[in-house]
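S.K.: File input-v2.json below, JSON, C-alpha atoms (C1' of nucleotides):
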```json
[["chain", "number", "residue", "atom", "x", "y", "z"],
["A", 1, "MET", "CA", 3.56, 5.61, 29.89],
["A", 2, "ALA", "CA", 2.01, 5.53, 26.44],
["A", 3, "ARG", "CA", -0.47, 3.00, 25.20],
["A", 4, "LYS", "CA", 0.92, -0.47, 25.38],
["A", 5, "SER", "CA", -1.85, -2.96, 24.86],
["A", 6, "ASP", "CA", -3.52, -1.05, 22.30],
["A", 7, "ASP", "CA", -6.55, 0.86, 21.26],
["A", 8, "SER", "CA", -6.21, 2.32, 17.75],
["A", 9, "PRO", "CA", -8.55, 0.35, 15.51],
["A", 10, "GLU", "CA", -6.17, -0.85, 12.81],
["A", 11, "ARG", "CA", -7.16, 0.06, 9.30],
["A", 12, "ILE", "CA", -8.79, -2.73, 7.30],
["A", 13, "SER", "CA", -7.76, -2.99, 3.66],
["A", 14, "ASP", "CA", -10.06, -3.56, 0.73],
["A", 15, "ALA", "CA", -9.28, -7.23, 0.34],
["A", 16, "GLU", "CA", -9.61, -7.73, 4.06],
["A", 17, "HIS", "CA", -12.93, -5.98, 3.98],
["A", 18, "ALA", "CA", -14.28, -8.57, 1.58],
["A", 19, "ILE", "CA", -13.46, -11.20, 4.17],
["A", 20, "MET", "CA", -15.20, -9.22, 6.87],
["A", 21, "GLU", "CA", -18.32, -8.97, 4.75],
["A", 22, "ALA", "CA", -18.31, -12.71, 4.33],
["A", 23, "LEU", "CA", -18.05, -13.15, 8.07],
["A", 24, "TRP", "CA", -20.75, -10.66, 8.84],
["A", 25, "ASP", "CA", -23.09, -12.11, 6.32],
["A", 26, "HIS", "CA", -22.53, -15.73, 7.16],
["A", 27, "ASP", "CA", -23.38, -14.91, 10.70],
["A", 28, "ALA", "CA", -22.13, -17.92, 12.58],
["A", 29, "PRO", "CA", -18.46, -18.59, 13.30],
["A", 30, "ALA", "CA", -16.98, -19.68, 10.00],
["A", 31, "SER", "CA", -13.96, -21.72, 8.98],
["A", 32, "ALA", "CA", -11.40, -20.61, 6.44],
["A", 33, "GLN", "CA", -12.94, -22.99, 3.98],
["A", 34, "ASP", "CA", -16.40, -21.51, 4.58],
["A", 35, "ILE", "CA", -15.10, -18.05, 3.86],
["A", 36, "PHE", "CA", -13.30, -19.31, 0.83],
["A", 37, "ASP", "CA", -16.47, -20.85, -0.57],
["A", 38, "TYR", "CA", -18.36, -17.73, 0.28],
["A", 39, "VAL", "CA", -16.10, -15.22, -1.41],
["A", 40, "ALA", "CA", -15.42, -17.50, -4.37],
["A", 41, "ALA", "CA", -18.52, -15.98, -5.93],
["A", 42, "THR", "CA", -17.02, -12.53, -6.16],
["A", 43, "ARG", "CA", -13.28, -12.76, -5.77],
["A", 44, "ASP", "CA", -11.12, -15.15, -7.65],
["A", 45, "TRP", "CA", -8.86, -15.97, -4.74],
["A", 46, "SER", "CA", -6.99, -19.08, -3.79],
["A", 47, "LEU", "CA", -7.64, -20.66, -0.42],
["A", 48, "ALA", "CA", -4.14, -19.60, 0.58],
["A", 49, "THR", "CA", -5.03, -15.98, -0.03],
["A", 50, "VAL", "CA", -8.10, -16.23, 2.12],
["A", 51, "LYS", "CA", -6.01, -17.72, 4.91],
["A", 52, "THR", "CA", -3.47, -14.93, 4.67],
["A", 53, "LEU", "CA", -6.18, -12.33, 4.89],
["A", 54, "LEU", "CA", -7.74, -14.09, 7.85],
["A", 55, "SER", "CA", -4.45, -14.06, 9.77],
["A", 56, "ARG", "CA", -3.92, -10.44, 9.04],
["A", 57, "LEU", "CA", -7.36, -9.67, 10.33],
["A", 58, "VAL", "CA", -6.65, -11.66, 13.47],
["A", 59, "THR", "CA", -3.46, -9.65, 13.97],
["A", 60, "LYS", "CA", -5.40, -6.47, 13.52],
["A", 61, "GLN", "CA", -7.87, -7.76, 16.07],
["A", 62, "ALA", "CA", -10.75, -7.31, 13.70],
["A", 63, "ILE", "CA", -11.75, -10.94, 14.09],
["A", 64, "ALA", "CA", -11.43, -13.50, 16.84],
["A", 65, "THR", "CA", -10.73, -17.20, 16.64],
["A", 66, "GLN", "CA", -12.11, -20.13, 18.49],
["A", 67, "PRO", "CA", -10.58, -23.58, 18.10],
["A", 68, "ASP", "CA", -12.75, -26.27, 16.63],
["A", 69, "GLY", "CA", -10.87, -29.52, 16.48],
["A", 70, "ARG", "CA", -7.74, -28.99, 14.53],
["A", 71, "ARG", "CA", -8.98, -25.87, 12.82],
["A", 72, "PHE", "CA", -10.26, -22.44, 13.76],
["A", 73, "LEU", "CA", -13.57, -20.79, 13.52],
["A", 74, "TYR", "CA", -13.53, -17.07, 12.94],
["A", 75, "THR", "CA", -15.92, -14.45, 14.19],
["A", 76, "PRO", "CA", -15.90, -10.70, 13.59],
["A", 77, "SER", "CA", -14.89, -8.86, 16.72],
["A", 78, "ILE", "CA", -16.31, -5.61, 15.50],
["A", 79, "ALA", "CA", -19.89, -5.08, 14.46],
["A", 80, "ARG", "CA", -20.52, -4.27, 10.87],
["A", 81, "SER", "CA", -22.47, -1.21, 11.77],
["A", 82, "ASP", "CA", -19.57, 0.13, 13.80],
["A", 83, "TYR", "CA", -17.24, -0.46, 10.94],
["A", 84, "VAL", "CA", -19.59, 1.14, 8.48],
["A", 85, "GLY", "CA", -20.02, 4.08, 10.80],
["A", 86, "GLY", "CA", -16.31, 4.53, 11.15],
["A", 87, "GLU", "CA", -15.66, 4.40, 7.44],
["A", 88, "SER", "CA", -18.49, 6.77, 6.73],
["A", 89, "ARG", "CA", -17.17, 9.20, 9.25],
["A", 90, "ARG", "CA", -13.72, 8.93, 7.74],
["A", 91, "LEU", "CA", -15.08, 9.89, 4.38],
["A", 92, "VAL", "CA", -17.13, 12.72, 5.78],
["A", 93, "ASN", "CA", -14.10, 14.06, 7.60],
["A", 94, "LYS", "CA", -11.82, 13.70, 4.65],
["A", 95, "LEU", "CA", -14.07, 15.16, 2.00],
["A", 96, "PHE", "CA", -16.72, 17.21, 3.73],
["A", 97, "GLY", "CA", -14.90, 18.78, 6.63],
["A", 98, "GLY", "CA", -16.79, 16.54, 9.01],
["A", 99, "ARG", "CA", -20.16, 17.86, 7.99],
["A", 100, "ALA", "CA", -22.36, 14.91, 7.18],
["A", 101, "ALA", "CA", -25.04, 17.19, 5.90],
["A", 102, "SER", "CA", -22.65, 18.26, 3.15],
["A", 103, "LEU", "CA", -22.36, 14.67, 2.03],
["A", 104, "VAL", "CA", -26.09, 14.35, 1.77],
["A", 105, "ALA", "CA", -26.25, 17.63, -0.09],
["A", 106, "HIS", "CA", -23.64, 16.43, -2.51],
["A", 107, "LEU", "CA", -25.38, 13.14, -3.12],
["A", 108, "ALA", "CA", -28.63, 14.91, -3.71],
["A", 109, "GLU", "CA", -27.20, 17.48, -6.07],
["A", 110, "SER", "CA", -25.21, 14.97, -8.04],
["A", 111, "GLU", "CA", -28.39, 12.99, -8.48],
["A", 112, "ALA", "CA", -27.03, 9.99, -6.69],
["A", 113, "LEU", "CA", -30.39, 10.05, -5.03],
["A", 114, "SER", "CA", -33.52, 9.20, -6.94],
["A", 115, "MET", "CA", -36.85, 10.77, -6.26],
["A", 116, "ASP", "CA", -37.77, 7.64, -4.36],
["A", 117, "ASP", "CA", -34.65, 7.93, -2.28],
["A", 118, "LEU", "CA", -35.53, 11.50, -1.47],
["A", 119, "THR", "CA", -38.98, 10.53, -0.33],
["A", 120, "GLU", "CA", -37.62, 7.67, 1.70],
["A", 121, "ILE", "CA", -35.06, 9.81, 3.43],
["A", 122, "GLU", "CA", -37.56, 12.51, 4.08],
["A", 123, "ALA", "CA", -39.79, 10.06, 5.86],
["A", 124, "LEU", "CA", -36.85, 8.78, 7.82],
["A", 125, "LEU", "CA", -35.90, 12.26, 8.91],
["A", 126, "LYS", "CA", -39.37, 13.10, 9.96],
["A", 127, "GLU", "CA", -39.38, 10.07, 12.18],
["A", 128, "LEU", "CA", -36.01, 10.85, 13.70],
["A", 129, "LYS", "CA", -36.78, 14.44, 14.37],
["A", 130, "GLN", "CA", -39.50, 13.91, 16.87],
["B", 1, "MET", "CA", -5.42, -4.42, -28.63],
["B", 2, "ALA", "CA", -6.31, -3.41, -25.10],
["B", 3, "ARG", "CA", -6.44, 0.11, -23.86],
["B", 4, "LYS", "CA", -3.19, 1.87, -24.55],
["B", 5, "SER", "CA", -3.64, 5.54, -23.89],
["B", 6, "ASP", "CA", -5.72, 5.07, -20.94],
["B", 7, "ASP", "CA", -8.98, 5.78, -19.29],
["B", 8, "SER", "CA", -9.22, 4.25, -15.81],
["B", 9, "PRO", "CA", -9.05, 7.10, -13.30],
["B", 10, "GLU", "CA", -6.07, 6.03, -11.21],
["B", 11, "ARG", "CA", -6.70, 5.81, -7.52],
["B", 12, "ILE", "CA", -5.46, 8.77, -5.48],
["B", 13, "SER", "CA", -3.86, 7.94, -2.14],
["B", 14, "ASP", "CA", -4.44, 9.77, 1.12],
["B", 15, "ALA", "CA", -1.24, 11.75, 1.01],
["B", 16, "GLU", "CA", -1.84, 12.62, -2.61],
["B", 17, "HIS", "CA", -5.31, 13.73, -1.74],
["B", 18, "ALA", "CA", -3.92, 16.33, 0.64],
["B", 19, "ILE", "CA", -2.01, 17.79, -2.28],
["B", 20, "MET", "CA", -5.14, 17.83, -4.41],
["B", 21, "GLU", "CA", -7.00, 19.71, -1.71],
["B", 22, "ALA", "CA", -4.28, 22.30, -1.65],
["B", 23, "LEU", "CA", -4.53, 22.71, -5.39],
["B", 24, "TRP", "CA", -8.28, 22.91, -5.39],
["B", 25, "ASP", "CA", -8.34, 25.41, -2.61],
["B", 26, "HIS", "CA", -5.58, 27.62, -3.89],
["B", 27, "ASP", "CA", -7.44, 27.87, -7.11],
["B", 28, "ALA", "CA", -4.86, 29.25, -9.47],
["B", 29, "PRO", "CA", -2.03, 27.19, -10.93],
["B", 30, "ALA", "CA", 0.41, 26.66, -8.10],
["B", 31, "SER", "CA", 4.10, 25.89, -7.86],
["B", 32, "ALA", "CA", 5.55, 23.09, -5.76],
["B", 33, "GLN", "CA", 6.68, 25.71, -3.29],
["B", 34, "ASP", "CA", 3.18, 27.15, -3.08],
["B", 35, "ILE", "CA", 1.77, 23.75, -2.29],
["B", 36, "PHE", "CA", 4.49, 23.14, 0.22],
["B", 37, "ASP", "CA", 3.69, 26.37, 2.04],
["B", 38, "TYR", "CA", 0.06, 25.56, 1.86],
["B", 39, "VAL", "CA", 0.15, 22.10, 3.31],
["B", 40, "ALA", "CA", 2.79, 22.99, 5.87],
["B", 41, "ALA", "CA", -0.09, 24.01, 8.11],
["B", 42, "THR", "CA", -1.45, 20.51, 8.36],
["B", 43, "ARG", "CA", 1.17, 18.04, 7.26],
["B", 44, "ASP", "CA", 4.71, 18.07, 8.45],
["B", 45, "TRP", "CA", 6.24, 17.25, 5.11],
["B", 46, "SER", "CA", 9.52, 18.17, 3.54],
["B", 47, "LEU", "CA", 9.53, 19.96, 0.21],
["B", 48, "ALA", "CA", 10.95, 16.79, -1.31],
["B", 49, "THR", "CA", 7.90, 14.85, -0.21],
["B", 50, "VAL", "CA", 5.58, 17.37, -1.77],
["B", 51, "LYS", "CA", 7.51, 17.12, -5.01],
["B", 52, "THR", "CA", 7.29, 13.35, -5.01],
["B", 53, "LEU", "CA", 3.56, 13.46, -4.48],
["B", 54, "LEU", "CA", 3.18, 16.02, -7.23],
["B", 55, "SER", "CA", 5.00, 13.82, -9.73],
["B", 56, "ARG", "CA", 2.94, 10.84, -8.79],
["B", 57, "LEU", "CA", -0.19, 12.84, -9.33],
["B", 58, "VAL", "CA", 1.09, 13.95, -12.70],
["B", 59, "THR", "CA", 1.73, 10.33, -13.62],
["B", 60, "LYS", "CA", -1.75, 9.44, -12.52],
["B", 61, "GLN", "CA", -3.01, 12.30, -14.66],
["B", 62, "ALA", "CA", -4.81, 13.84, -11.75],
["B", 63, "ILE", "CA", -3.02, 17.12, -12.26],
["B", 64, "ALA", "CA", -1.55, 18.90, -15.27],
["B", 65, "THR", "CA", 1.59, 20.98, -15.55],
["B", 66, "GLN", "CA", 2.34, 24.15, -17.38],
["B", 67, "PRO", "CA", 5.87, 25.47, -17.62],
["B", 68, "ASP", "CA", 6.59, 28.80, -16.00],
["B", 69, "GLY", "CA", 10.17, 29.74, -16.54],
["B", 70, "ARG", "CA", 12.31, 26.96, -15.26],
["B", 71, "ARG", "CA", 9.63, 25.54, -13.04],
["B", 72, "PHE", "CA", 6.16, 24.13, -13.35],
["B", 73, "LEU", "CA", 2.80, 25.30, -12.28],
["B", 74, "TYR", "CA", 0.33, 22.59, -11.38],
["B", 75, "THR", "CA", -3.41, 22.54, -11.90],
["B", 76, "PRO", "CA", -5.91, 19.86, -10.96],
["B", 77, "SER", "CA", -7.14, 18.09, -14.06],
["B", 78, "ILE", "CA", -10.16, 16.73, -12.30],
["B", 79, "ALA", "CA", -12.75, 18.84, -10.53],
["B", 80, "ARG", "CA", -13.04, 18.45, -6.84],
["B", 81, "SER", "CA", -16.71, 17.77, -7.06],
["B", 82, "ASP", "CA", -16.11, 14.93, -9.50],
["B", 83, "TYR", "CA", -13.53, 13.45, -7.22],
["B", 84, "VAL", "CA", -15.77, 13.81, -4.21],
["B", 85, "GLY", "CA", -18.62, 12.27, -6.13],
["B", 86, "GLY", "CA", -16.49, 9.34, -7.18],
["B", 87, "GLU", "CA", -15.22, 8.65, -3.70],
["B", 88, "SER", "CA", -18.66, 8.95, -2.22],
["B", 89, "ARG", "CA", -20.01, 6.52, -4.73],
["B", 90, "ARG", "CA", -17.17, 4.13, -4.00],
["B", 91, "LEU", "CA", -18.09, 4.15, -0.35],
["B", 92, "VAL", "CA", -21.75, 3.74, -1.05],
["B", 93, "ASN", "CA", -21.02, 0.80, -3.32],
["B", 94, "LYS", "CA", -18.62, -0.81, -0.94],
["B", 95, "LEU", "CA", -20.66, -0.45, 2.22],
["B", 96, "PHE", "CA", -24.25, 0.12, 1.24],
["B", 97, "GLY", "CA", -24.71, -1.99, -1.83],
["B", 98, "GLY", "CA", -24.89, 1.12, -3.95],
["B", 99, "ARG", "CA", -27.89, 2.50, -2.12],
["B", 100, "ALA", "CA", -27.12, 6.05, -1.15],
["B", 101, "ALA", "CA", -30.27, 6.27, 0.87],
["B", 102, "SER", "CA", -28.88, 3.57, 3.14],
["B", 103, "LEU", "CA", -25.90, 5.74, 3.86],
["B", 104, "VAL", "CA", -28.10, 8.61, 4.88],
["B", 105, "ALA", "CA", -30.17, 6.28, 6.98],
["B", 106, "HIS", "CA", -27.09, 5.01, 8.69],
["B", 107, "LEU", "CA", -25.76, 8.47, 9.40],
["B", 108, "ALA", "CA", -29.08, 9.48, 10.81],
["B", 109, "GLU", "CA", -29.49, 6.44, 13.01],
["B", 110, "SER", "CA", -25.96, 6.54, 14.29],
["B", 111, "GLU", "CA", -26.52, 10.12, 15.29],
["B", 112, "ALA", "CA", -23.80, 11.37, 13.04],
["B", 113, "LEU", "CA", -26.40, 13.96, 12.21],
["B", 114, "SER", "CA", -27.35, 16.60, 14.69],
["B", 115, "MET", "CA", -30.81, 18.00, 14.97],
["B", 116, "ASP", "CA", -29.60, 20.99, 13.00],
["B", 117, "ASP", "CA", -28.25, 18.74, 10.31],
["B", 118, "LEU", "CA", -31.58, 17.01, 10.11],
["B", 119, "THR", "CA", -33.40, 20.26, 9.69],
["B", 120, "GLU", "CA", -30.94, 21.44, 7.13],
["B", 121, "ILE", "CA", -31.18, 18.29, 5.08],
["B", 122, "GLU", "CA", -34.91, 18.29, 5.31],
["B", 123, "ALA", "CA", -35.02, 21.76, 3.86],
["B", 124, "LEU", "CA", -32.62, 20.71, 1.16],
["B", 125, "LEU", "CA", -34.74, 17.74, 0.24],
["B", 126, "LYS", "CA", -37.87, 19.78, 0.10],
["B", 127, "GLU", "CA", -36.20, 22.07, -2.35],
["B", 128, "LEU", "CA", -34.87, 19.25, -4.49],
["B", 129, "LYS", "CA", -38.12, 17.41, -4.61],
["B", 130, "GLN", "CA", -40.09, 19.98, -6.45],
["C", 1, "DC", "C1'", 33.20, 32.89, -14.36],
["C", 2, "DC", "C1'", 32.01, 30.75, -10.21],
["C", 3, "DT", "C1'", 29.07, 29.89, -6.34],
["C", 4, "DT", "C1'", 24.68, 29.44, -4.63],
["C", 5, "DC", "C1'", 20.01, 28.59, -4.73],
["C", 6, "DA", "C1'", 15.79, 26.86, -6.66],
["C", 7, "DT", "C1'", 13.60, 23.26, -9.16],
["C", 8, "DG", "C1'", 12.40, 19.00, -11.36],
["C", 9, "DT", "C1'", 14.15, 13.99, -11.71],
["C", 10, "DT", "C1'", 16.02, 9.81, -9.95],
["C", 11, "DT", "C1'", 16.84, 6.78, -6.47],
["C", 12, "DA", "C1'", 15.87, 4.95, -1.72],
["C", 13, "DC", "C1'", 13.77, 2.41, 1.64],
["C", 14, "DA", "C1'", 10.48, 0.66, 5.01],
["C", 15, "DA", "C1'", 5.58, -0.56, 5.70],
["C", 16, "DA", "C1'", 1.26, -2.09, 3.86],
["C", 17, "DC", "C1'", -1.17, -4.74, 0.42],
["C", 18, "DG", "C1'", -2.53, -8.30, -2.96],
["C", 19, "DT", "C1'", -1.72, -12.68, -4.00],
["C", 20, "DA", "C1'", 0.10, -16.95, -3.22],
["C", 21, "DA", "C1'", 3.43, -21.18, -2.55],
["C", 22, "DT", "C1'", 5.58, -23.97, 0.81],
["C", 23, "DC", "C1'", 6.17, -26.13, 5.31],
["C", 24, "DG", "C1'", 5.02, -28.76, 9.35],
["C", 25, "DA", "C1'", 1.66, -31.05, 11.90],
["C", 26, "DT", "C1'", -2.47, -33.80, 12.13],
["C", 27, "DC", "C1'", -6.22, -36.63, 10.87],
["C", 28, "DC", "C1'", -8.54, -40.11, 7.99],
["C", 29, "DA", "C1'", -8.84, -44.03, 5.08],
["C", 30, "DC", "C1'", -6.90, -48.03, 3.87],
["D", 1, "DG", "C1'", 1.22, -47.49, 10.22],
["D", 2, "DT", "C1'", 1.53, -45.15, 5.96],
["D", 3, "DG", "C1'", 0.10, -41.99, 2.38],
["D", 4, "DG", "C1'", -2.74, -38.41, 1.08],
["D", 5, "DA", "C1'", -5.78, -34.60, 2.49],
["D", 6, "DT", "C1'", -6.34, -30.62, 5.47],
["D", 7, "DC", "C1'", -5.05, -26.87, 8.50],
["D", 8, "DG", "C1'", -2.69, -23.03, 10.33],
["D", 9, "DA", "C1'", 1.98, -20.77, 10.09],
["D", 10, "DT", "C1'", 5.85, -19.13, 7.64],
["D", 11, "DT", "C1'", 7.91, -17.27, 3.82],
["D", 12, "DA", "C1'", 7.68, -14.94, -0.70],
["D", 13, "DC", "C1'", 7.42, -11.43, -3.94],
["D", 14, "DG", "C1'", 5.81, -7.65, -6.76],
["D", 15, "DT", "C1'", 3.29, -3.12, -6.20],
["D", 16, "DT", "C1'", 1.74, 0.99, -3.86],
["D", 17, "DT", "C1'", 2.31, 4.33, -0.37],
["D", 18, "DG", "C1'", 4.65, 7.50, 2.84],
["D", 19, "DT", "C1'", 8.51, 9.91, 3.40],
["D", 20, "DA", "C1'", 12.64, 11.73, 1.85],
["D", 21, "DA", "C1'", 17.72, 12.29, 0.25],
["D", 22, "DA", "C1'", 20.74, 12.78, -3.73],
["D", 23, "DC", "C1'", 21.46, 14.48, -8.21],
["D", 24, "DA", "C1'", 21.44, 17.37, -12.39],
["D", 25, "DT", "C1'", 20.60, 21.71, -14.26],
["D", 26, "DG", "C1'", 19.76, 26.20, -15.00],
["D", 27, "DA", "C1'", 19.22, 31.04, -13.11],
["D", 28, "DA", "C1'", 21.04, 34.81, -10.64],
["D", 29, "DG", "C1'", 24.26, 37.52, -8.13],
["D", 30, "DG", "C1'", 28.69, 39.10, -7.32]]
```
What is this structure when it is put down as structure tokens?
M.R.:
Amino acid sequence: MARKSDDSPERISDAEHAIMEALWDHDAPASAQDIFDYVAATRDWSLATVKTLLSRLVTKQAIATQPDGRRFLYTPSIARSDYVGGESRRLVNKLFGGRAASLVAHLAESEALSMDDLTEIEALLKELKQ
Amino acid sequence: MARKSDDSPERISDAEHAIMEALWDHDAPASAQDIFDYVAATRDWSLATVKTLLSRLVTKQAIATQPDGRRFLYTPSIARSDYVGGESRRLVNKLFGGRAASLVAHLAESEALSMDDLTEIEALLKELKQ
DNA sequence: CCTTCATGTTTACAAACGTAATCGATCCAC
DNA sequence: GTGGATCGATTACGTTTGTAAACATGAAGG
């Protein structure tokens, strides 16, 4: 048998990720031009580049298209929080043997967390624990 | 002018990272063969592949060599904890706008943290806070 | 000495990525 | 209806990555 029509969530590259962020943020279906305008602030890309990235994302099934006249509107087909979760997990697996607590420990020890952060997290944990 | 003899810590790829882990773990200077034996457990690589990755890492100045007879011994030139810190920060910047606390929040909410993890982290925080 | 083996170096090659130009079709304004 | 603007699709091209074979060289054994 073997998987034909797929499952494996194709890896999204850095440049592609910038496009995804634009889509997530601008949370209605957006045209290529919209995305281009949006990312122009941060990335110095040509419209052509944005279009290329959009097609690649469509191929990877990370976004979906819907026709709108003679153009397309694009929508993310995965939720940002799922993506973020996946990437976080990847990192935790790769660097902390899958133990998320180790990540937190590392952040804390390396002072990536301010005192305020600590307090905030502590409150959060308290809430989650009960 | 422009930077000649460099600074920017060259990005380490996934495959290269596996080599780094081997070096960090096997914490004496190691030969290519040593690394090969070491990673054989997890990655089905040929010795040639390991050698290629080692040279690339040398080029990227992530590891240093010291001659040992007619071969080389390799040593990481960056500490694992620095690397881990850098990668973690990268992720936090990319996905959480630089706010590490958001990462923790996300892990917690998405139940990437078990009850035990929560307790463990809570204890950790308590310790760090005072 | 000559063969064999170990070792680093060079070269290889396909896939993914970053970045874009070009092409073909369509729509809009004159 | 014609010329320019606008779109998606196709093609391009250099770099990085994954994976390795081929090559050169020196050591070691017989």
S.K.: Could you give me, as a tab-separated table, a per-residue list for chain D showing, wherever an atom lies at most 10 Å from an atom of chain A, the closest pair of atoms and their distance in Å to one decimal, using all atoms listed in the file and sorting by chain then residue number from low to high?
M.R.:
```
residue	atom	partner	partner_atom	distance
D:DT6	C1'	A:Arg71	CA	9.1
D:DC7	C1'	A:Arg71	CA	5.9
D:DG8	C1'	A:Arg71	CA	7.3
D:DA9	C1'	A:Ser55	CA	9.3
```
S.K.: Using all atoms listed in the file and a cut-off of 10 Å, which residues of chain C sit close to chain A? Please list them as a list in words.
M.R.: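 Result, ordered by chain then number: DA16, DC17, DG18, DT19, DA20, DA21, DA25, DT26 and DC27 of chain C.
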S.K.: I'd like the neighbourhood of B:Ala64 as a ChimeraX atom specification, where a residue qualifies if any of its atoms comes within 12 Å (using only C-alpha atoms (C1' of nucleotides)), though same-chain residues fewer than 5 positions away should be ignored.
M.R.: /B:20,23,29-31,54-59,72-78
S.K.: Export C-alpha atoms of the chosen residues as a PDB file, in the frame of the given file?
M.R.:
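This went into again20.pdb:
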```
ATOM      1  CA  MET B  20      -5.140  17.830  -4.410  1.00  0.00           C
ATOM      2  CA  LEU B  23      -4.530  22.710  -5.390  1.00  0.00           C
ATOM      3  CA  PRO B  29      -2.030  27.190 -10.930  1.00  0.00           C
ATOM      4  CA  ALA B  30       0.410  26.660  -8.100  1.00  0.00           C
ATOM      5  CA  SER B  31       4.100  25.890  -7.860  1.00  0.00           C
ATOM      6  CA  LEU B  54       3.180  16.020  -7.230  1.00  0.00           C
ATOM      7  CA  SER B  55       5.000  13.820  -9.730  1.00  0.00           C
ATOM      8  CA  ARG B  56       2.940  10.840  -8.790  1.00  0.00           C
ATOM      9  CA  LEU B  57      -0.190  12.840  -9.330  1.00  0.00           C
ATOM     10  CA  VAL B  58       1.090  13.950 -12.700  1.00  0.00           C
ATOM     11  CA  THR B  59       1.730  10.330 -13.620  1.00  0.00           C
ATOM     12  CA  PHE B  72       6.160  24.130 -13.350  1.00  0.00           C
ATOM     13  CA  LEU B  73       2.800  25.300 -12.280  1.00  0.00           C
ATOM     14  CA  TYR B  74       0.330  22.590 -11.380  1.00  0.00           C
ATOM     15  CA  THR B  75      -3.410  22.540 -11.900  1.00  0.00           C
ATOM     16  CA  PRO B  76      -5.910  19.860 -10.960  1.00  0.00           C
ATOM     17  CA  SER B  77      -7.140  18.090 -14.060  1.00  0.00           C
ATOM     18  CA  ILE B  78     -10.160  16.730 -12.300  1.00  0.00           C
TER      19      ILE B  78
END
```
S.K.: Could you please select, counting all atoms listed in the file, the residues of chain A within 7 Å of chain B and state them as a list in words?
M.R.: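 Here is what falls inside 7 Å: Val84, Leu95, Ala100, Ala101, Val104, Ala112, Leu113, Met115, Asp117, Leu118, Ile121, Glu122, Leu125 and Lys129 of chain A.
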S.K.: Would you mind telling me which residue in B:Pro67, B:Asn93, B:Arg11, B:Glu127 lies nearest to C:DG8 when using only C-alpha atoms (C1' of nucleotides)?
M.R.: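 Counting only C-alpha atoms (C1' of nucleotides), the residue closest to C:DG8 is B:Pro67.
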S.K.: How far is it from atom CA of A:Glu10 to atom CA of A:Gln61, in Å with one decimal?
M.R.: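 Between atom CA of A:Glu10 and atom CA of A:Gln61 the gap is 7.8 Å.
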S.K.: How far is it from atom CA of A:Pro9 to atom CA of A:Gly97, in Å with one decimal?
M.R.: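 These atoms are spaced 21.4 Å apart.
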S.K.: Using all atoms listed in the file, pick whichever of D:DT10, D:DA24, D:DT17, D:DG1 has the shortest atom-to-atom distance to C:DT10.
M.R.: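 Smallest distance to C:DT10 is found for D:DA24.
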S.K.: One decimal, Å: what's the distance from atom C1' of C:DC5 over to atom C1' of D:DA28, could you say?
M.R.: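 Atom-to-atom, atom C1' of C:DC5 to atom C1' of D:DA28, that is 8.6 Å.
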S.K.: So which one's closest to B:Trp24, B:Arg90, B:Gly69, B:Asp37, B:Ile63? Using all atoms listed in the file, please.
M.R.: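 Nearest candidate to B:Trp24 out of B:Arg90, B:Gly69, B:Asp37, B:Ile63: B:Ile63.
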S.K.: My list of candidates is C:DA15, C:DC30, C:DC23, C:DA6. Which is closest to D:DG3 when distances are computed with all atoms listed in the file?
M.R.: C:DC30
